[in-house]
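Structure file upload.cif (mmCIF, C-alpha atoms) follows.
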```
data_upload
loop_
_atom_site.label_atom_id
_atom_site.label_comp_id
_atom_site.auth_asym_id
_atom_site.auth_seq_id
_atom_site.Cartn_x
_atom_site.Cartn_y
_atom_site.Cartn_z
CA MET A 1 6.20 -67.80 63.19
CA PRO A 2 5.79 -64.67 61.08
CA GLU A 3 2.93 -64.71 58.59
CA THR A 4 3.72 -65.33 54.93
CA ILE A 5 2.25 -62.96 52.34
CA LEU A 6 2.07 -63.79 48.64
CA VAL A 7 2.90 -60.86 46.33
CA THR A 8 2.24 -61.44 42.63
CA GLY A 9 4.31 -59.35 40.24
CA ALA A 10 6.98 -59.00 42.94
CA ASN A 11 9.50 -57.41 40.57
CA SER A 12 7.08 -54.78 39.23
CA PHE A 13 7.33 -51.05 39.91
CA ILE A 14 4.65 -51.17 42.63
CA GLY A 15 5.21 -54.79 43.68
CA SER A 16 8.88 -54.33 44.58
CA TRP A 17 8.06 -51.52 47.05
CA ILE A 18 5.29 -53.67 48.59
CA VAL A 19 7.79 -56.53 49.04
CA ARG A 20 10.23 -54.21 50.78
CA TYR A 21 7.63 -52.79 53.17
CA LEU A 22 6.36 -56.26 54.09
CA LEU A 23 9.89 -57.52 54.78
CA GLU A 24 10.66 -54.46 56.91
CA LYS A 25 7.52 -55.19 58.95
CA GLY A 26 8.77 -58.73 59.66
CA TYR A 27 6.59 -60.74 57.28
CA ASN A 28 7.86 -63.59 55.17
CA VAL A 29 7.16 -62.91 51.50
CA ARG A 30 6.54 -65.30 48.65
CA GLY A 31 6.87 -63.47 45.35
CA THR A 32 5.70 -64.58 41.93
CA VAL A 33 8.04 -63.70 39.07
CA ARG A 34 8.23 -64.71 35.42
CA SER A 35 11.91 -65.69 35.32
CA GLN A 36 15.21 -66.12 37.16
CA ALA A 37 16.25 -62.65 35.92
CA LYS A 38 13.16 -61.09 37.52
CA LYS A 39 13.90 -62.93 40.77
CA SER A 40 17.43 -61.46 40.75
CA GLN A 41 15.91 -57.99 40.23
CA VAL A 42 13.83 -58.37 43.40
CA LEU A 43 16.78 -59.64 45.46
CA ASP A 44 19.01 -56.81 44.21
CA GLY A 45 16.50 -54.27 45.52
CA ILE A 46 16.38 -55.50 49.11
CA SER A 47 18.97 -55.75 51.86
CA LYS A 48 20.71 -59.13 52.17
CA THR A 49 19.47 -59.32 55.77
CA TYR A 50 15.98 -59.98 54.37
CA HIS A 51 16.94 -62.62 51.81
CA ASN A 52 16.07 -65.46 54.21
CA GLN A 53 12.51 -64.06 54.53
CA ILE A 54 11.67 -64.25 50.83
CA SER A 55 10.95 -67.14 48.49
CA PHE A 56 9.74 -67.28 44.89
CA VAL A 57 7.32 -69.12 42.63
CA TYR A 58 7.62 -68.85 38.85
CA ILE A 59 4.46 -67.84 37.01
CA SER A 60 5.42 -67.32 33.39
CA ASP A 61 1.90 -66.54 32.14
CA ILE A 62 -0.80 -65.25 34.50
CA THR A 63 -3.45 -66.06 31.87
CA THR A 64 -2.86 -69.82 31.97
CA ASP A 65 -0.55 -70.76 34.87
CA SER A 66 -2.05 -72.01 38.14
CA PHE A 67 -1.55 -70.12 41.41
CA GLU A 68 -2.26 -73.22 43.51
CA GLU A 69 1.41 -73.79 44.37
CA ALA A 70 1.89 -70.08 45.09
CA VAL A 71 -0.88 -69.88 47.73
CA GLN A 72 0.27 -72.87 49.80
CA GLY A 73 0.88 -71.81 53.40
CA VAL A 74 0.19 -68.09 52.94
CA HIS A 75 -1.91 -65.93 55.27
CA GLY A 76 -2.67 -63.07 52.88
CA ILE A 77 -2.22 -62.09 49.23
CA ILE A 78 -1.40 -58.85 47.44
CA HIS A 79 -2.13 -59.33 43.74
CA VAL A 80 -0.23 -56.73 41.72
CA ALA A 81 0.60 -58.65 38.52
CA SER A 82 -1.32 -57.29 35.53
CA PRO A 83 -0.07 -55.95 32.22
CA PHE A 84 0.33 -52.16 31.95
CA HIS A 85 1.91 -51.41 28.63
CA LEU A 86 0.44 -49.66 25.64
CA LYS A 87 2.28 -51.60 22.92
CA PHE A 88 0.39 -54.73 21.98
CA THR A 89 -0.91 -56.47 18.87
CA ASP A 90 -4.01 -58.21 20.21
CA PRO A 91 -5.99 -56.17 22.81
CA GLU A 92 -7.89 -59.20 24.13
CA LYS A 93 -5.02 -61.68 24.30
CA ASP A 94 -2.27 -59.29 25.37
CA LEU A 95 -4.05 -57.09 27.92
CA ILE A 96 -7.68 -57.83 28.78
CA LEU A 97 -7.62 -61.60 29.32
CA PRO A 98 -4.38 -61.60 31.36
CA ALA A 99 -5.85 -58.96 33.69
CA ILE A 100 -9.12 -60.86 34.24
CA LYS A 101 -7.74 -64.40 34.31
CA GLY A 102 -4.81 -63.44 36.53
CA THR A 103 -7.17 -61.92 39.11
CA LEU A 104 -9.62 -64.82 39.00
CA GLY A 105 -6.78 -67.35 39.09
CA VAL A 106 -5.50 -65.89 42.35
CA LEU A 107 -8.98 -65.73 43.92
CA GLN A 108 -9.88 -69.27 42.85
CA ALA A 109 -6.61 -70.69 44.20
CA ALA A 110 -7.06 -68.85 47.52
CA HIS A 111 -10.68 -70.04 47.84
CA LYS A 112 -9.72 -73.65 47.14
CA TYR A 113 -6.81 -73.50 49.59
CA ASN A 114 -8.99 -72.02 52.35
CA LYS A 115 -11.57 -74.79 52.02
CA ASN A 116 -8.90 -77.35 52.92
CA ASN A 117 -6.88 -75.30 55.40
CA GLU A 118 -9.17 -73.77 58.02
CA ASN A 119 -9.61 -70.48 56.16
CA LYS A 120 -6.00 -69.46 56.65
CA ILE A 121 -6.06 -66.67 54.03
CA LYS A 122 -7.95 -63.73 55.51
CA ARG A 123 -7.50 -60.96 52.96
CA VAL A 124 -6.64 -60.53 49.28
CA VAL A 125 -5.60 -57.03 48.20
CA ILE A 126 -5.84 -56.31 44.47
CA THR A 127 -4.14 -53.53 42.52
CA SER A 128 -6.89 -51.95 40.46
CA SER A 129 -6.77 -48.44 38.98
CA PHE A 130 -8.52 -45.09 38.74
CA ALA A 131 -9.15 -46.35 35.19
CA SER A 132 -11.87 -48.59 36.64
CA ILE A 133 -13.56 -45.54 38.22
CA PHE A 134 -13.05 -42.74 35.68
CA ASP A 135 -15.59 -42.11 32.91
CA PRO A 136 -13.53 -40.78 29.97
CA SER A 137 -16.68 -39.85 28.02
CA LYS A 138 -17.35 -37.10 30.61
CA GLY A 139 -13.95 -35.45 30.02
CA TYR A 140 -12.62 -32.95 32.57
CA ARG A 141 -16.03 -32.74 34.29
CA PRO A 142 -15.48 -29.61 36.44
CA GLY A 143 -17.33 -29.69 39.76
CA TYR A 144 -17.56 -33.49 39.93
CA SER A 145 -15.74 -35.51 42.59
CA TYR A 146 -14.95 -39.15 41.82
CA SER A 147 -15.11 -41.62 44.71
CA GLU A 148 -15.17 -45.38 45.33
CA LYS A 149 -18.84 -45.51 44.30
CA ASP A 150 -18.04 -44.63 40.67
CA TRP A 151 -17.40 -47.18 37.91
CA SER A 152 -16.07 -46.65 34.42
CA PRO A 153 -18.72 -47.56 31.83
CA ILE A 154 -16.12 -49.05 29.45
CA THR A 155 -17.03 -52.61 28.46
CA TYR A 156 -15.06 -55.73 27.53
CA GLU A 157 -16.32 -55.40 23.96
CA GLN A 158 -15.16 -51.78 23.67
CA GLY A 159 -11.73 -52.79 24.95
CA VAL A 160 -11.40 -55.60 22.41
CA ALA A 161 -12.55 -53.33 19.56
CA ALA A 162 -10.16 -50.49 20.47
CA LYS A 163 -7.21 -51.76 18.42
CA ASN A 164 -5.88 -48.25 17.81
CA GLU A 165 -6.78 -46.79 21.20
CA PRO A 166 -4.46 -48.47 23.71
CA MET A 167 -5.72 -46.41 26.67
CA THR A 168 -9.28 -47.65 26.06
CA THR A 169 -8.03 -51.24 26.04
CA TYR A 170 -6.02 -50.67 29.22
CA ARG A 171 -9.04 -49.08 30.96
CA ALA A 172 -11.22 -52.02 29.88
CA SER A 173 -8.66 -54.49 31.28
CA LYS A 174 -8.72 -52.79 34.68
CA VAL A 175 -12.47 -52.32 34.98
CA CYS A 176 -13.22 -55.88 33.76
CA ALA A 177 -10.64 -57.42 36.13
CA GLU A 178 -11.98 -55.51 39.12
CA ARG A 179 -15.60 -56.28 38.27
CA ALA A 180 -14.65 -59.96 37.93
CA ALA A 181 -13.16 -59.86 41.45
CA TRP A 182 -16.32 -58.37 42.99
CA GLU A 183 -18.51 -60.83 41.07
CA PHE A 184 -16.37 -63.70 42.40
CA ILE A 185 -16.88 -62.48 45.99
CA ASP A 186 -20.61 -62.11 45.44
CA LYS A 187 -21.06 -65.51 43.80
CA GLU A 188 -18.54 -67.76 45.58
CA LYS A 189 -18.72 -66.11 49.01
CA PRO A 190 -15.17 -67.11 50.04
CA SER A 191 -14.06 -66.93 53.67
CA PHE A 192 -11.57 -64.14 52.87
CA THR A 193 -12.37 -60.52 52.09
CA ILE A 194 -10.85 -58.40 49.34
CA ALA A 195 -9.66 -54.81 49.11
CA THR A 196 -9.15 -53.17 45.73
CA ILE A 197 -6.80 -50.20 45.43
CA CYS A 198 -7.59 -47.69 42.69
CA GLU A 199 -4.79 -45.24 41.92
CA PRO A 200 -4.32 -42.67 39.10
CA MET A 201 -0.90 -41.96 37.47
CA VAL A 202 1.83 -43.54 39.59
CA PHE A 203 5.22 -41.81 39.55
CA GLY A 204 8.31 -42.10 41.69
CA PRO A 205 11.68 -43.76 42.11
CA ARG A 206 12.21 -47.41 41.31
CA LEU A 207 13.25 -49.44 44.33
CA ASN A 208 16.67 -50.26 42.92
CA GLY A 209 17.07 -47.51 40.32
CA PHE A 210 17.00 -47.95 36.54
CA LYS A 211 19.62 -50.22 34.99
CA SER A 212 18.22 -49.98 31.46
CA LEU A 213 15.34 -48.45 29.50
CA ASP A 214 13.43 -51.70 30.01
CA ASP A 215 13.26 -50.89 33.71
CA VAL A 216 11.36 -47.64 33.09
CA ASN A 217 7.66 -48.41 33.60
CA THR A 218 4.92 -46.82 31.50
CA SER A 219 4.05 -43.85 33.74
CA ASN A 220 7.66 -42.93 34.58
CA ALA A 221 8.45 -43.18 30.86
CA LEU A 222 6.23 -40.10 30.36
CA VAL A 223 8.52 -38.13 32.68
CA ARG A 224 11.61 -39.45 30.90
CA SER A 225 10.23 -38.48 27.50
CA LEU A 226 9.55 -34.94 28.80
CA ILE A 227 13.01 -34.39 30.30
CA THR A 228 14.78 -35.66 27.18
CA SER A 229 12.66 -33.77 24.63
CA GLY A 230 14.78 -30.56 24.52
CA LYS A 231 14.56 -27.11 26.08
CA ASP A 232 12.52 -25.65 23.23
CA ALA A 233 10.19 -28.61 22.82
CA GLN A 234 6.47 -28.22 23.29
CA VAL A 235 5.09 -29.29 26.67
CA PRO A 236 2.48 -32.03 26.01
CA GLU A 237 -1.15 -31.92 27.04
CA THR A 238 -1.92 -33.72 30.31
CA GLY A 239 -4.53 -36.52 30.28
CA VAL A 240 -5.49 -37.72 33.77
CA PRO A 241 -4.44 -34.78 35.99
CA PHE A 242 -4.01 -36.73 39.26
CA GLU A 243 -0.97 -38.62 40.53
CA VAL A 244 0.30 -40.58 43.49
CA ASP A 245 3.78 -41.62 44.60
CA VAL A 246 4.56 -45.32 44.18
CA ARG A 247 5.56 -45.56 47.85
CA ASP A 248 2.14 -44.29 48.96
CA VAL A 249 0.50 -46.88 46.69
CA ALA A 250 2.64 -49.62 48.28
CA TYR A 251 1.87 -48.37 51.81
CA THR A 252 -1.87 -48.42 51.06
CA HIS A 253 -1.73 -52.03 49.83
CA VAL A 254 0.04 -53.18 52.99
CA ALA A 255 -2.32 -51.18 55.23
CA ALA A 256 -5.35 -52.67 53.45
CA LEU A 257 -3.91 -56.12 54.10
CA GLU A 258 -3.21 -55.47 57.79
CA GLN A 259 -6.41 -53.62 58.58
CA SER A 260 -8.60 -56.24 57.02
CA THR A 261 -12.22 -56.03 58.06
CA ASP A 262 -15.16 -58.40 57.87
CA THR A 263 -16.26 -56.56 54.75
CA SER A 264 -14.58 -56.21 51.39
CA GLU A 265 -13.56 -52.66 50.59
CA ARG A 266 -12.61 -50.44 47.66
CA TYR A 267 -10.09 -47.61 48.11
CA LEU A 268 -9.42 -44.69 45.76
CA ILE A 269 -6.15 -42.85 46.36
CA ALA A 270 -4.59 -39.73 44.83
CA GLY A 271 -1.80 -37.51 46.10
CA GLY A 272 -2.65 -34.42 44.13
CA THR A 273 -2.69 -32.88 40.68
CA TRP A 274 0.13 -33.01 38.16
CA SER A 275 0.76 -31.75 34.66
CA PHE A 276 3.70 -31.92 32.28
CA GLN A 277 4.15 -28.18 32.89
CA LYS A 278 4.28 -28.71 36.67
CA ILE A 279 6.98 -31.35 36.18
CA ALA A 280 8.97 -29.03 33.91
CA ASP A 281 8.72 -26.27 36.52
CA ILE A 282 9.89 -28.62 39.30
CA VAL A 283 12.90 -29.66 37.19
CA HIS A 284 13.94 -26.08 36.37
CA GLU A 285 13.42 -24.78 39.92
CA SER A 286 15.15 -27.73 41.61
CA THR A 287 18.42 -27.20 43.44
CA ILE A 288 19.34 -30.90 43.21
CA ILE A 289 18.51 -31.85 39.60
CA PRO A 290 21.64 -31.49 37.42
CA ASP A 291 21.93 -28.94 34.60
CA SER A 292 22.38 -31.79 32.12
CA ILE A 293 18.69 -32.65 32.69
CA LYS A 294 17.51 -29.02 32.85
CA ASN A 295 19.14 -28.39 29.47
CA THR A 296 17.00 -31.05 27.81
CA THR A 297 13.72 -30.28 29.63
CA PRO A 298 11.27 -27.89 27.95
CA VAL A 299 10.58 -24.58 29.71
CA GLY A 300 7.05 -24.23 28.36
CA THR A 301 4.87 -21.60 30.04
CA LYS A 302 6.04 -21.46 33.64
CA GLY A 303 3.24 -21.73 36.21
CA GLN A 304 0.57 -22.50 33.63
CA GLN A 305 -2.45 -24.00 35.33
CA LEU A 306 -4.59 -26.88 34.18
CA ARG A 307 -8.08 -25.97 33.08
CA ASP A 308 -10.89 -26.72 35.55
CA HIS A 309 -11.33 -30.45 36.09
CA TYR A 310 -12.92 -33.08 38.31
CA GLU A 311 -11.66 -33.86 41.80
CA ILE A 312 -10.79 -37.17 43.45
CA ASP A 313 -12.10 -37.91 46.95
CA SER A 314 -9.46 -40.08 48.62
CA SER A 315 -10.61 -39.44 52.19
CA LYS A 316 -11.65 -43.06 52.83
CA ALA A 317 -8.08 -44.40 52.52
CA GLN A 318 -6.74 -41.50 54.58
CA THR A 319 -9.26 -42.13 57.37
CA GLU A 320 -9.36 -45.93 57.41
CA LEU A 321 -5.80 -46.82 56.34
CA GLY A 322 -3.78 -43.77 57.39
CA THR A 323 -2.59 -43.13 53.84
CA LYS A 324 -0.51 -39.95 53.58
CA TYR A 325 0.80 -38.41 50.39
CA ILE A 326 4.33 -37.51 49.33
CA PRO A 327 4.41 -34.07 47.63
CA LEU A 328 4.84 -34.07 43.84
CA LYS A 329 8.12 -32.13 44.12
CA LYS A 330 9.77 -34.88 46.18
CA THR A 331 8.36 -37.61 43.93
CA ILE A 332 9.62 -35.96 40.75
CA GLU A 333 13.03 -34.90 42.10
CA GLU A 334 13.81 -38.40 43.36
CA LEU A 335 12.57 -39.99 40.14
CA VAL A 336 14.47 -37.56 37.91
CA LEU A 337 17.72 -38.12 39.81
CA GLN A 338 17.39 -41.84 39.04
CA LEU A 339 16.60 -41.05 35.39
CA ALA A 340 19.65 -38.76 35.26
CA LYS A 341 21.85 -41.67 36.39
CA LEU A 342 20.28 -43.82 33.67
CA GLN A 343 21.04 -41.13 31.07
CA THR A 344 24.67 -41.14 32.17
CA THR A 345 24.79 -44.94 31.91
CA LEU A 346 23.22 -44.85 28.43
CA GLY A 347 25.68 -42.15 27.37
CA GLN A 348 28.60 -44.34 28.39
CA SER A 349 27.37 -47.50 26.68
#
```
The structure given in the file should be rewritten as structure tokens.
Amino acid sequence: MPETILVTGANSFIGSWIVRYLLEKGYNVRGTVRSQAKKSQVLDGISKTYHNQISFVYISDITTDSFEEAVQGVHGIIHVASPFHLKFTDPEKDLILPAIKGTLGVLQAAHKYNKNNENKIKRVVITSSFASIFDPSKGYRPGYSYSEKDWSPITYEQGVAAKNEPMTTYRASKVCAERAAWEFIDKEKPSFTIATICEPMVFGPRLNGFKSLDDVNTSNALVRSLITSGKDAQVPETGVPFEVDVRDVAYTHVAALEQSTDTSERYLIAGGTWSFQKIADIVHESTIIPDSIKNTTPVGTKGQQLRDHYEIDSSKAQTELGTKYIPLKKTIEELVLQLAKLQTTLGQS
């Protein structure tokens, strides 16, 4: 019997690629989704030959709903579900608490299940973020190399207070959720180990393309806003100058699940540097991106380099998990072709 892996947030940008890779490797997948519509989204993105390998559990609110039903009979868990949007009214209720309580809810349910089922669940992989590593107060920090040993100093209280600084709230949600996971391991000493995956900006194609603007996740929306801003528009400043392709993020999650060790691990991944100018240059130099997109993408200052900045050491994931990185050009071209199709659809509606 193939093992069953629980994937929370199965319809999300990262989660849907993880589901596909697991199915292709022969696993059975149980996905958590918020609604029937989200379930349909997942099924639409995978070949019908895999539909008999996937089942679903509805979790409408990760802050309050129990994961006990979801973990029944599973051998491993990849916990992706966590809010990443920058439009909210209450920082604590809308972003920070769901991130923490969702993570703890999964770990508590897995721990309880293992106690009664011969420690069946061996590994829980958690989607964290470079936001839980990066110290924004240090800025571009030339000469410094971030690694798994670093932690963002942002606190729960700062996140709650940052009503007009959504990025601070988001960073607090990620660092507090990841710290809560490590504290759970330390205190409860469950029979499973965890692996947290910390990634910077995640770009790339959506598994099943974009059917509407609602499908465009927060990071890809930055690319869409650039390529629809007009040829003479100003190229925006770049915040976090590192990126990774969504498919490499998904691969790393699956590898961290399969190569589970007796110790819990933290992995920092990054494909390379990006900037809005780099993306504009890729669009204008591409032989496959249509003129309709080039005509609405700013030219800016071709080849302009970012100022000196910190580095990211992602060698641990490369060595231990075999993570490789898709070049930014491929990531952006494949994403922009999907966005171009969406533009055509929007133009016709």
Just say which residues the PyMOL selection byres ((chain A and resi 11) around 8) picks in this file, as a VMD selection string.
-> chain A and resid 9 to 10 12 to 13 15 to 16 33 38 to 39 41 to 42
Neighbour list for Gln53 of chain A as number ranges by chain, cut-off 10 Å, all atoms listed in the file, skip fewer than 4 positions in-chain = A: 2, 4, 22-23, 26-30, 48-49
Of the candidates A:Leu328, A:Leu306, A:Ile185, A:Val223, which shows the shortest atom-to-atom distance to Glu243 of chain A, using all atoms listed in the file?
->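 Closest candidate: A:Leu328.
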Smallest atom-to-atom distance to Arg307 of chain A: which of A:Thr331, A:Ser137, A:Ser60, A:Thr273, using all atoms listed in the file?
->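 Counting all atoms listed in the file, the residue closest to Arg307 of chain A is A:Thr273.
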All residues 7 Å or closer to Ala280 of chain A, only C-alpha atoms, same chain fewer than 6 positions away omitted, as a VMD selection string | chain A and resid 297 to 299
Mind dumping the selected residues with C-alpha atoms as a PDB file, keeping the file's coordinate frame?
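Printed below is selection-v4.pdb as written:
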```
ATOM      1  CA  THR A 297      13.720 -30.280  29.630  1.00  0.00           C
ATOM      2  CA  PRO A 298      11.270 -27.890  27.950  1.00  0.00           C
ATOM      3  CA  VAL A 299      10.580 -24.580  29.710  1.00  0.00           C
TER       4      VAL A 299
END
```
So what does the PyMOL selection byres ((chain A and resi 237) around 8) actually pick up in this one, as a PyMOL selection string?
-> chain A and resi 235-236+238-239+275-276
Correct to one decimal, the distance atom CA of Val244 of chain A-atom CA of Ile197 of chain A is 12.1 Å
Using the chain letters and numbers from the file, which residues does the PyMOL selection byres ((chain A and resi 250) around 8) grab, as a list in words?
->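 Answer for the PyMOL selection byres ((chain A and resi 250) around 8): Ile14, Gly15, Trp17, Ile18, Tyr21, Val246, Arg247, Asp248, Val249, Tyr251, Thr252, His253 and Val254 of chain A.
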Point out the residue among A:Gly73, A:Gly102, A:Pro290, A:Pro200 with the least atom-to-atom distance to Glu178 of chain A, counting all atoms listed in the file.
->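 Nearest candidate to Glu178 of chain A out of A:Gly73, A:Gly102, A:Pro290, A:Pro200: A:Gly102.
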